[in-house]
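A.B. asks: Sharing a structure below in structure tokens format, with a few things to ask.
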Amino acid sequence: MLISSTVADERLTTAHRAKLAYVYVRQSSVNQVRQHQESTELQYRLVDRAIGLGWPPERVQVIDEDLGKSGAGGVDRHGFQKLIAEIGLGNAGLVVSLDASRLARNNRDWHQLLELCSVFGVLIADGERLYDPRAYHDRLLLGLSGIMSEAELHQLRMRLHQGERQKAARGELRLPLPAGLAYDRAGTIILNPDEEVQARLHLVFAKFRELQSARRVMRYLDRNGLSLPVRPLLGPSPHEIVWRAPDSARVLSLTLANFELVHGVRGPLNMGSFSTIS
């Protein structure tokens with residue numbers, strides 16, 4: 001059943017417009033922010049959608065702290081938590097987002113948002129429709145949108161895993177390597193050509209053998225102001241080496257990861273370079 005624009009406009013009251021309109025902007029990863037700029041710009045243009053519904057520009061606030069963050073969970077989504085807080089404080093009259101998947105990719109966050117909007121009388125709008133979470137049919141449509149959003153994420157993950165399995169079957173799957181190793185142009189695993197990285201790892205291995213404790217190695221590095229090379233799993237690919245402050249867990253994981261891979265791979269590796277921990 002389609003709801004006419006006249007009925008939709010009647011849902012907006014002076015009480016709603018007396019509060020703020022919040023435009024929530026999110027992209028799932030840094031790569032999407034960089035490569036899919038049209039989607040990001042489209043979300044920012046939702047400010048015009050709020051203005052068209054009767055909000056003055058100065059009373060439309062954009063929440064974009066979650067650019068580059070997945071909607072699968074709300075733990076690290078500070079923007080989403082800010083939106084929830086503003087709704088709970090009674091400051092919001094309207095929440096605008098491109099679609100349900102931008103607001104949440106899991107039913108826990110989605111239904112938390114719907115419940116708060118229902119309790120505080122907040123309307124939800126996308127690029128086409130206006131929804132009142134207190135109305136039965138609108139609540140039903142919003143609930144289905146949340147379910148489809150979560151199911152879509154599951155399908156995307158399944159396709160990704162299938163693609164990885166096919167690459168592995170062909171011997172073409174490249175897994176992230178620790179900082180001490182790298183892929184050459186032929187796809188062979190070699191020692192990281194960065195001499196500074198190699199020197200720092202040699203020092204860590206030598207100290208680990210001497211001190212027999214990751215915590216002691218960490219304290220040695222900290223006293224001498226030495227950082228550790230780390231290849232982060234998140235961020236643009238290929239993952240570049242970053243230098244981070246030492247801690248016990250990082251020293252241990254770095255040592256074990258490089259040791260296990262160096263002694264388990266086949267290729268032009270200089271095993272003698274790692275003899276300090278053999």
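Please note that chains go A, B, ... in the order of the structure tokens, that every chain numbers its residues from 1, and that ligands are numbered from 1 in the order shown.
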Can you pull out the residues contacting range 9-14 of chain A? Cut-off 12 Å, using only C-alpha atoms, and skip same-chain residues under 5 positions away; I want them as a PyMOL selection string.
C.D. replies: chain A and resi 3-4+19-21+50+52-55+93-94+121-125+129-135+138
A.B. asks: Near Leu252 in chain A, counting only C-alpha atoms, which residues have an atom at most 12 Å away, once you skip same-chain residues fewer than 6 positions from it, shown as a PDB file with N, CA, C and O atoms, in the first residue's frame?
C.D. replies:
ATOM      1  N   LEU A 201      63.535  -5.900  13.792  1.00  0.00           N
ATOM      2  CA  LEU A 201      63.124  -7.272  14.083  1.00  0.00           C
ATOM      3  C   LEU A 201      64.303  -8.100  14.591  1.00  0.00           C
ATOM      4  O   LEU A 201      64.143  -8.904  15.519  1.00  0.00           O
ATOM      5  N   VAL A 204      64.651  -7.272  18.174  1.00  0.00           N
ATOM      6  CA  VAL A 204      63.599  -7.872  18.996  1.00  0.00           C
ATOM      7  C   VAL A 204      63.856  -9.358  19.196  1.00  0.00           C
ATOM      8  O   VAL A 204      63.751  -9.883  20.314  1.00  0.00           O
ATOM      9  N   PHE A 205      64.237 -10.075  18.124  1.00  0.00           N
ATOM     10  CA  PHE A 205      64.497 -11.505  18.234  1.00  0.00           C
ATOM     11  C   PHE A 205      65.680 -11.774  19.168  1.00  0.00           C
ATOM     12  O   PHE A 205      65.645 -12.695  20.000  1.00  0.00           O
ATOM     13  N   LYS A 207      66.845  -9.845  21.587  1.00  0.00           N
ATOM     14  CA  LYS A 207      66.479  -9.530  22.966  1.00  0.00           C
ATOM     15  C   LYS A 207      65.511 -10.556  23.532  1.00  0.00           C
ATOM     16  O   LYS A 207      65.539 -10.875  24.723  1.00  0.00           O
ATOM     17  N   PHE A 208      64.651 -11.085  22.678  1.00  0.00           N
ATOM     18  CA  PHE A 208      63.701 -12.097  23.149  1.00  0.00           C
ATOM     19  C   PHE A 208      64.452 -13.362  23.574  1.00  0.00           C
ATOM     20  O   PHE A 208      64.118 -13.991  24.584  1.00  0.00           O
ATOM     21  N   ARG A 209      65.469 -13.718  22.784  1.00  0.00           N
ATOM     22  CA  ARG A 209      66.264 -14.891  23.144  1.00  0.00           C
ATOM     23  C   ARG A 209      67.081 -14.621  24.409  1.00  0.00           C
ATOM     24  O   ARG A 209      67.252 -15.495  25.254  1.00  0.00           O
ATOM     25  N   GLN A 212      64.157 -13.783  27.398  1.00  0.00           N
ATOM     26  CA  GLN A 212      63.181 -14.871  27.583  1.00  0.00           C
ATOM     27  C   GLN A 212      61.813 -14.378  28.071  1.00  0.00           C
ATOM     28  O   GLN A 212      61.088 -15.104  28.742  1.00  0.00           O
ATOM     29  N   SER A 213      61.469 -13.127  27.752  1.00  0.00           N
ATOM     30  CA  SER A 213      60.191 -12.584  28.216  1.00  0.00           C
ATOM     31  C   SER A 213      59.782 -11.438  27.314  1.00  0.00           C
ATOM     32  O   SER A 213      60.572 -10.512  27.068  1.00  0.00           O
ATOM     33  N   ALA A 214      58.532 -11.501  26.820  1.00  0.00           N
ATOM     34  CA  ALA A 214      58.023 -10.420  25.979  1.00  0.00           C
ATOM     35  C   ALA A 214      57.919  -9.121  26.770  1.00  0.00           C
ATOM     36  O   ALA A 214      58.170  -8.035  26.236  1.00  0.00           O
ATOM     37  N   ARG A 215      57.556  -9.218  28.053  1.00  0.00           N
ATOM     38  CA  ARG A 215      57.444  -8.011  28.875  1.00  0.00           C
ATOM     39  C   ARG A 215      58.804  -7.336  29.058  1.00  0.00           C
ATOM     40  O   ARG A 215      58.917  -6.104  29.010  1.00  0.00           O
ATOM     41  N   ARG A 216      59.848  -8.122  29.258  1.00  0.00           N
ATOM     42  CA  ARG A 216      61.175  -7.539  29.408  1.00  0.00           C
ATOM     43  C   ARG A 216      61.654  -6.891  28.112  1.00  0.00           C
ATOM     44  O   ARG A 216      62.289  -5.836  28.129  1.00  0.00           O
ATOM     45  N   VAL A 217      61.347  -7.537  26.984  1.00  0.00           N
ATOM     46  CA  VAL A 217      61.705  -6.941  25.700  1.00  0.00           C
ATOM     47  C   VAL A 217      60.957  -5.624  25.518  1.00  0.00           C
ATOM     48  O   VAL A 217      61.531  -4.626  25.049  1.00  0.00           O
ATOM     49  N   MET A 218      59.678  -5.619  25.881  1.00  0.00           N
ATOM     50  CA  MET A 218      58.884  -4.399  25.768  1.00  0.00           C
ATOM     51  C   MET A 218      59.478  -3.282  26.613  1.00  0.00           C
ATOM     52  O   MET A 218      59.591  -2.127  26.171  1.00  0.00           O
ATOM     53  N   LEU A 228      57.824  -0.375  17.218  1.00  0.00           N
ATOM     54  CA  LEU A 228      57.771  -1.658  16.519  1.00  0.00           C
ATOM     55  C   LEU A 228      57.076  -1.501  15.173  1.00  0.00           C
ATOM     56  O   LEU A 228      56.065  -0.795  15.063  1.00  0.00           O
ATOM     57  N   PRO A 246      55.729  -0.016  21.678  1.00  0.00           N
ATOM     58  CA  PRO A 246      55.781  -1.440  22.052  1.00  0.00           C
ATOM     59  C   PRO A 246      54.903  -1.751  23.251  1.00  0.00           C
ATOM     60  O   PRO A 246      54.708  -0.927  24.135  1.00  0.00           O
ATOM     61  N   ASN A 258      56.252 -13.657  12.750  1.00  0.00           N
ATOM     62  CA  ASN A 258      57.361 -13.654  11.804  1.00  0.00           C
ATOM     63  C   ASN A 258      58.149 -14.954  11.864  1.00  0.00           C
ATOM     64  O   ASN A 258      58.562 -15.493  10.846  1.00  0.00           O
ATOM     65  N   PHE A 259      58.345 -15.491  13.067  1.00  0.00           N
ATOM     66  CA  PHE A 259      59.108 -16.730  13.208  1.00  0.00           C
ATOM     67  C   PHE A 259      58.396 -17.887  12.521  1.00  0.00           C
ATOM     68  O   PHE A 259      58.990 -18.639  11.747  1.00  0.00           O
TER      69      PHE A 259
END
A.B. asks: Write out as a ChimeraX atom specification which residues come within 12 Å of Ala85 in chain A when counting only C-alpha atoms, dropping same-chain ones fewer than 4 positions away.
C.D. replies: /A:22,78-81,89-92,112-113,116-117,120
A.B. asks: With distances taken over only C-alpha atoms, which of A:Met148, A:Leu153, A:Leu226, A:Val197 is nearest to Ala72 in chain A?
C.D. replies: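 Nearest candidate to Ala72 in chain A out of A:Met148, A:Leu153, A:Leu226, A:Val197: A:Leu153.
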A.B. asks: Just list as a PyMOL selection string whatever in range 17-203 of chain A DSSP marks as alpha helix (DSSP H).
C.D. replies: chain A and resi 17+30-35+37-44+46-52+78-88+100-103+107-120+136-170+195-203
A.B. asks: If you run DSSP over the backbone, which residues in range 22-269 of chain A end up strand (DSSP E)? Put them as a VMD selection string.
C.D. replies: chain A and resid 22 to 27 60 to 67 92 to 96 123 to 125 130 to 131 181 to 183 189 to 191 228 to 230 242 to 244
A.B. asks: Go ahead and dump the residues you just picked, N, CA and C atoms, as an mmCIF file, in the first residue's frame.
C.D. replies:
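Dumped everything to out.cif:
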data_model
loop_
_atom_site.group_PDB
_atom_site.id
_atom_site.type_symbol
_atom_site.label_atom_id
_atom_site.label_comp_id
_atom_site.auth_asym_id
_atom_site.auth_seq_id
_atom_site.Cartn_x
_atom_site.Cartn_y
_atom_site.Cartn_z
ATOM 1 N N TYR A 22 18.568 15.342 12.250
ATOM 2 C CA TYR A 22 19.907 14.762 12.199
ATOM 3 C C TYR A 22 20.055 13.936 10.926
ATOM 4 N N VAL A 23 21.077 14.262 10.146
ATOM 5 C CA VAL A 23 21.404 13.511 8.940
ATOM 6 C C VAL A 23 22.590 12.612 9.274
ATOM 7 N N TYR A 24 22.369 11.305 9.174
ATOM 8 C CA TYR A 24 23.412 10.336 9.522
ATOM 9 C C TYR A 24 24.096 9.860 8.250
ATOM 10 N N VAL A 25 25.428 10.016 8.202
ATOM 11 C CA VAL A 25 26.226 9.663 7.033
ATOM 12 C C VAL A 25 27.226 8.580 7.434
ATOM 13 N N ARG A 26 27.279 7.495 6.650
ATOM 14 C CA ARG A 26 28.228 6.423 6.958
ATOM 15 C C ARG A 26 28.630 5.703 5.685
ATOM 16 N N GLN A 27 29.913 5.341 5.622
ATOM 17 C CA GLN A 27 30.430 4.416 4.623
ATOM 18 C C GLN A 27 31.145 3.305 5.379
ATOM 19 N N VAL A 60 19.604 21.726 11.044
ATOM 20 C CA VAL A 60 19.910 20.406 10.483
ATOM 21 C C VAL A 60 21.366 20.097 10.802
ATOM 22 N N GLN A 61 21.594 19.044 11.535
ATOM 23 C CA GLN A 61 22.946 18.665 11.931
ATOM 24 C C GLN A 61 23.352 17.364 11.231
ATOM 25 N N VAL A 62 24.576 17.333 10.750
ATOM 26 C CA VAL A 62 25.113 16.160 10.059
ATOM 27 C C VAL A 62 26.025 15.402 11.019
ATOM 28 N N ILE A 63 25.785 14.109 11.143
ATOM 29 C CA ILE A 63 26.637 13.226 11.949
ATOM 30 C C ILE A 63 27.403 12.333 10.984
ATOM 31 N N ASP A 64 28.697 12.581 10.843
ATOM 32 C CA ASP A 64 29.502 11.824 9.883
ATOM 33 C C ASP A 64 30.768 11.247 10.517
ATOM 34 N N GLU A 65 30.754 11.047 11.833
ATOM 35 C CA GLU A 65 31.919 10.471 12.500
ATOM 36 C C GLU A 65 32.163 9.012 12.139
ATOM 37 N N ASP A 66 31.177 8.356 11.526
ATOM 38 C CA ASP A 66 31.305 6.927 11.237
ATOM 39 C C ASP A 66 31.702 6.636 9.798
ATOM 40 N N LEU A 67 32.250 7.613 9.100
ATOM 41 C CA LEU A 67 32.753 7.348 7.757
ATOM 42 C C LEU A 67 33.930 6.384 7.846
ATOM 43 N N ALA A 92 15.949 15.358 19.147
ATOM 44 C CA ALA A 92 15.727 15.036 17.736
ATOM 45 C C ALA A 92 14.240 15.014 17.402
ATOM 46 N N GLY A 93 13.913 15.597 16.258
ATOM 47 C CA GLY A 93 12.561 15.478 15.730
ATOM 48 C C GLY A 93 12.527 14.656 14.469
ATOM 49 N N LEU A 94 13.697 14.527 13.809
ATOM 50 C CA LEU A 94 13.773 13.799 12.552
ATOM 51 C C LEU A 94 15.168 13.192 12.405
ATOM 52 N N VAL A 95 15.217 11.949 11.924
ATOM 53 C CA VAL A 95 16.468 11.280 11.581
ATOM 54 C C VAL A 95 16.414 10.950 10.093
ATOM 55 N N VAL A 96 17.423 11.404 9.358
ATOM 56 C CA VAL A 96 17.459 11.191 7.915
ATOM 57 C C VAL A 96 18.691 10.370 7.567
ATOM 58 N N LEU A 123 10.584 11.055 13.881
ATOM 59 C CA LEU A 123 10.316 10.513 12.558
ATOM 60 C C LEU A 123 11.620 10.096 11.885
ATOM 61 N N ILE A 124 11.516 9.131 10.965
ATOM 62 C CA ILE A 124 12.665 8.652 10.204
ATOM 63 C C ILE A 124 12.374 8.859 8.730
ATOM 64 N N ALA A 125 13.355 9.403 8.003
ATOM 65 C CA ALA A 125 13.178 9.647 6.573
ATOM 66 C C ALA A 125 14.367 9.092 5.802
ATOM 67 N N LEU A 130 8.822 9.043 4.301
ATOM 68 C CA LEU A 130 8.850 9.480 5.686
ATOM 69 C C LEU A 130 8.146 8.420 6.510
ATOM 70 N N TYR A 131 8.753 8.024 7.624
ATOM 71 C CA TYR A 131 8.215 6.943 8.453
ATOM 72 C C TYR A 131 7.976 7.448 9.875
ATOM 73 N N LEU A 181 57.770 -9.658 6.582
ATOM 74 C CA LEU A 181 57.698 -10.306 5.282
ATOM 75 C C LEU A 181 56.915 -9.448 4.301
ATOM 76 N N ALA A 182 57.060 -9.765 3.027
ATOM 77 C CA ALA A 182 56.355 -9.025 1.986
ATOM 78 C C ALA A 182 56.220 -9.917 0.759
ATOM 79 N N TYR A 183 55.307 -9.534 -0.136
ATOM 80 C CA TYR A 183 55.166 -10.212 -1.427
ATOM 81 C C TYR A 183 55.974 -9.453 -2.474
ATOM 82 N N ILE A 189 56.751 -14.895 -1.271
ATOM 83 C CA ILE A 189 56.986 -14.277 0.029
ATOM 84 C C ILE A 189 58.485 -14.102 0.231
ATOM 85 N N ILE A 190 58.885 -12.878 0.500
ATOM 86 C CA ILE A 190 60.295 -12.557 0.722
ATOM 87 C C ILE A 190 60.420 -11.762 2.010
ATOM 88 N N LEU A 191 61.653 -11.568 2.456
ATOM 89 C CA LEU A 191 61.884 -10.692 3.594
ATOM 90 C C LEU A 191 61.538 -9.258 3.213
ATOM 91 N N LEU A 228 57.824 -0.375 17.218
ATOM 92 C CA LEU A 228 57.771 -1.658 16.519
ATOM 93 C C LEU A 228 57.076 -1.501 15.173
ATOM 94 N N PRO A 229 57.582 -2.167 14.144
ATOM 95 C CA PRO A 229 56.889 -2.142 12.841
ATOM 96 C C PRO A 229 55.678 -3.071 12.871
ATOM 97 N N VAL A 230 54.552 -2.577 12.412
ATOM 98 C CA VAL A 230 53.303 -3.344 12.412
ATOM 99 C C VAL A 230 52.637 -3.157 11.058
ATOM 100 N N VAL A 242 53.397 0.517 9.604
ATOM 101 C CA VAL A 242 53.321 1.659 10.508
ATOM 102 C C VAL A 242 54.143 1.328 11.750
ATOM 103 N N TRP A 243 54.610 2.368 12.429
ATOM 104 C CA TRP A 243 55.427 2.187 13.624
ATOM 105 C C TRP A 243 54.605 2.560 14.849
ATOM 106 N N ARG A 244 54.558 1.629 15.809
ATOM 107 C CA ARG A 244 53.727 1.838 16.992
ATOM 108 C C ARG A 244 54.517 1.550 18.265
#
A.B. asks: To one decimal place in Å, what is the distance between CA of Leu211 in chain A and CA of Pro232 in chain A?
C.D. replies: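 Between these atoms lies a distance of 26.8 Å.
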A.B. asks: Write out as a ChimeraX atom specification each polymer residue whose atoms come within 12 Å of Leu42 in chain A, counting only C-alpha atoms; drop sequence neighbours fewer than 4 positions from it.
C.D. replies: /A:23-27,36-38,46-49,97-99,126-127
A.B. asks: May I have the residues from that selection written out with N, CA, C and O atoms, as an mmCIF file, in the first residue's frame?
C.D. replies:
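The resulting file, part_2.cif, is shown below:
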data_model
loop_
_atom_site.group_PDB
_atom_site.id
_atom_site.type_symbol
_atom_site.label_atom_id
_atom_site.label_comp_id
_atom_site.auth_asym_id
_atom_site.auth_seq_id
_atom_site.Cartn_x
_atom_site.Cartn_y
_atom_site.Cartn_z
ATOM 1 N N VAL A 23 21.077 14.262 10.146
ATOM 2 C CA VAL A 23 21.404 13.511 8.940
ATOM 3 C C VAL A 23 22.590 12.612 9.274
ATOM 4 O O VAL A 23 23.673 13.092 9.626
ATOM 5 N N TYR A 24 22.369 11.305 9.174
ATOM 6 C CA TYR A 24 23.412 10.336 9.522
ATOM 7 C C TYR A 24 24.096 9.860 8.250
ATOM 8 O O TYR A 24 23.447 9.345 7.332
ATOM 9 N N VAL A 25 25.428 10.016 8.202
ATOM 10 C CA VAL A 25 26.226 9.663 7.033
ATOM 11 C C VAL A 25 27.226 8.580 7.434
ATOM 12 O O VAL A 25 27.934 8.731 8.434
ATOM 13 N N ARG A 26 27.279 7.495 6.650
ATOM 14 C CA ARG A 26 28.228 6.423 6.958
ATOM 15 C C ARG A 26 28.630 5.703 5.685
ATOM 16 O O ARG A 26 27.821 5.495 4.789
ATOM 17 N N GLN A 27 29.913 5.341 5.622
ATOM 18 C CA GLN A 27 30.430 4.416 4.623
ATOM 19 C C GLN A 27 31.145 3.305 5.379
ATOM 20 O O GLN A 27 31.727 3.534 6.439
ATOM 21 N N HIS A 36 34.112 5.506 -3.610
ATOM 22 C CA HIS A 36 32.682 5.682 -3.885
ATOM 23 C C HIS A 36 32.223 7.029 -3.345
ATOM 24 O O HIS A 36 31.339 7.118 -2.493
ATOM 25 N N GLN A 37 32.842 8.085 -3.848
ATOM 26 C CA GLN A 37 32.543 9.418 -3.344
ATOM 27 C C GLN A 37 31.132 9.869 -3.694
ATOM 28 O O GLN A 37 30.548 10.679 -2.988
ATOM 29 N N GLU A 38 30.591 9.333 -4.778
ATOM 30 C CA GLU A 38 29.242 9.711 -5.171
ATOM 31 C C GLU A 38 28.230 9.307 -4.102
ATOM 32 O O GLU A 38 27.300 10.061 -3.803
ATOM 33 N N LEU A 46 21.389 14.767 1.666
ATOM 34 C CA LEU A 46 20.152 14.551 2.414
ATOM 35 C C LEU A 46 19.823 15.741 3.315
ATOM 36 O O LEU A 46 18.705 15.837 3.826
ATOM 37 N N VAL A 47 20.776 16.634 3.493
ATOM 38 C CA VAL A 47 20.481 17.881 4.209
ATOM 39 C C VAL A 47 19.350 18.621 3.487
ATOM 40 O O VAL A 47 18.446 19.181 4.122
ATOM 41 N N ASP A 48 19.382 18.609 2.162
ATOM 42 C CA ASP A 48 18.317 19.251 1.386
ATOM 43 C C ASP A 48 16.984 18.546 1.605
ATOM 44 O O ASP A 48 15.927 19.193 1.553
ATOM 45 N N ARG A 49 17.040 17.254 1.850
ATOM 46 C CA ARG A 49 15.813 16.492 2.134
ATOM 47 C C ARG A 49 15.181 16.993 3.436
ATOM 48 O O ARG A 49 13.975 17.218 3.508
ATOM 49 N N SER A 97 18.489 9.313 6.788
ATOM 50 C CA SER A 97 19.595 8.498 6.307
ATOM 51 C C SER A 97 19.228 7.959 4.941
ATOM 52 O O SER A 97 18.048 7.870 4.587
ATOM 53 N N LEU A 98 20.250 7.619 4.155
ATOM 54 C CA LEU A 98 20.004 7.175 2.789
ATOM 55 C C LEU A 98 19.123 5.945 2.756
ATOM 56 O O LEU A 98 18.213 5.829 1.939
ATOM 57 N N ASP A 99 19.383 4.986 3.632
ATOM 58 C CA ASP A 99 18.554 3.793 3.773
ATOM 59 C C ASP A 99 18.910 3.127 5.096
ATOM 60 O O ASP A 99 19.780 3.598 5.833
ATOM 61 N N ASP A 126 14.084 8.596 4.595
ATOM 62 C CA ASP A 126 15.148 8.255 3.660
ATOM 63 C C ASP A 126 14.998 9.168 2.451
ATOM 64 O O ASP A 126 14.369 10.219 2.530
ATOM 65 N N GLY A 127 15.554 8.791 1.323
ATOM 66 C CA GLY A 127 15.472 9.654 0.162
ATOM 67 C C GLY A 127 14.108 9.714 -0.474
ATOM 68 O O GLY A 127 13.867 10.592 -1.314
#
A.B. asks: Hey, can you check how far CA of Asn192 in chain A sits from CA of Leu175 in chain A?
C.D. replies: 15.2 Å
A.B. asks: Can you tell me how far CA of Ser149 in chain A sits from CA of Leu233 in chain A, in Å to one decimal?
C.D. replies: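 Atom-to-atom, CA of Ser149 in chain A to CA of Leu233 in chain A, that is 25.2 Å.
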A.B. asks: Just checking: using only C-alpha atoms, which residue out of A:Leu142, A:Asp194, A:Arg102, A:Arg170 ends up closest to Glu240 in chain A?
C.D. replies: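 For Glu240 in chain A, the nearest of the given residues is A:Asp194.
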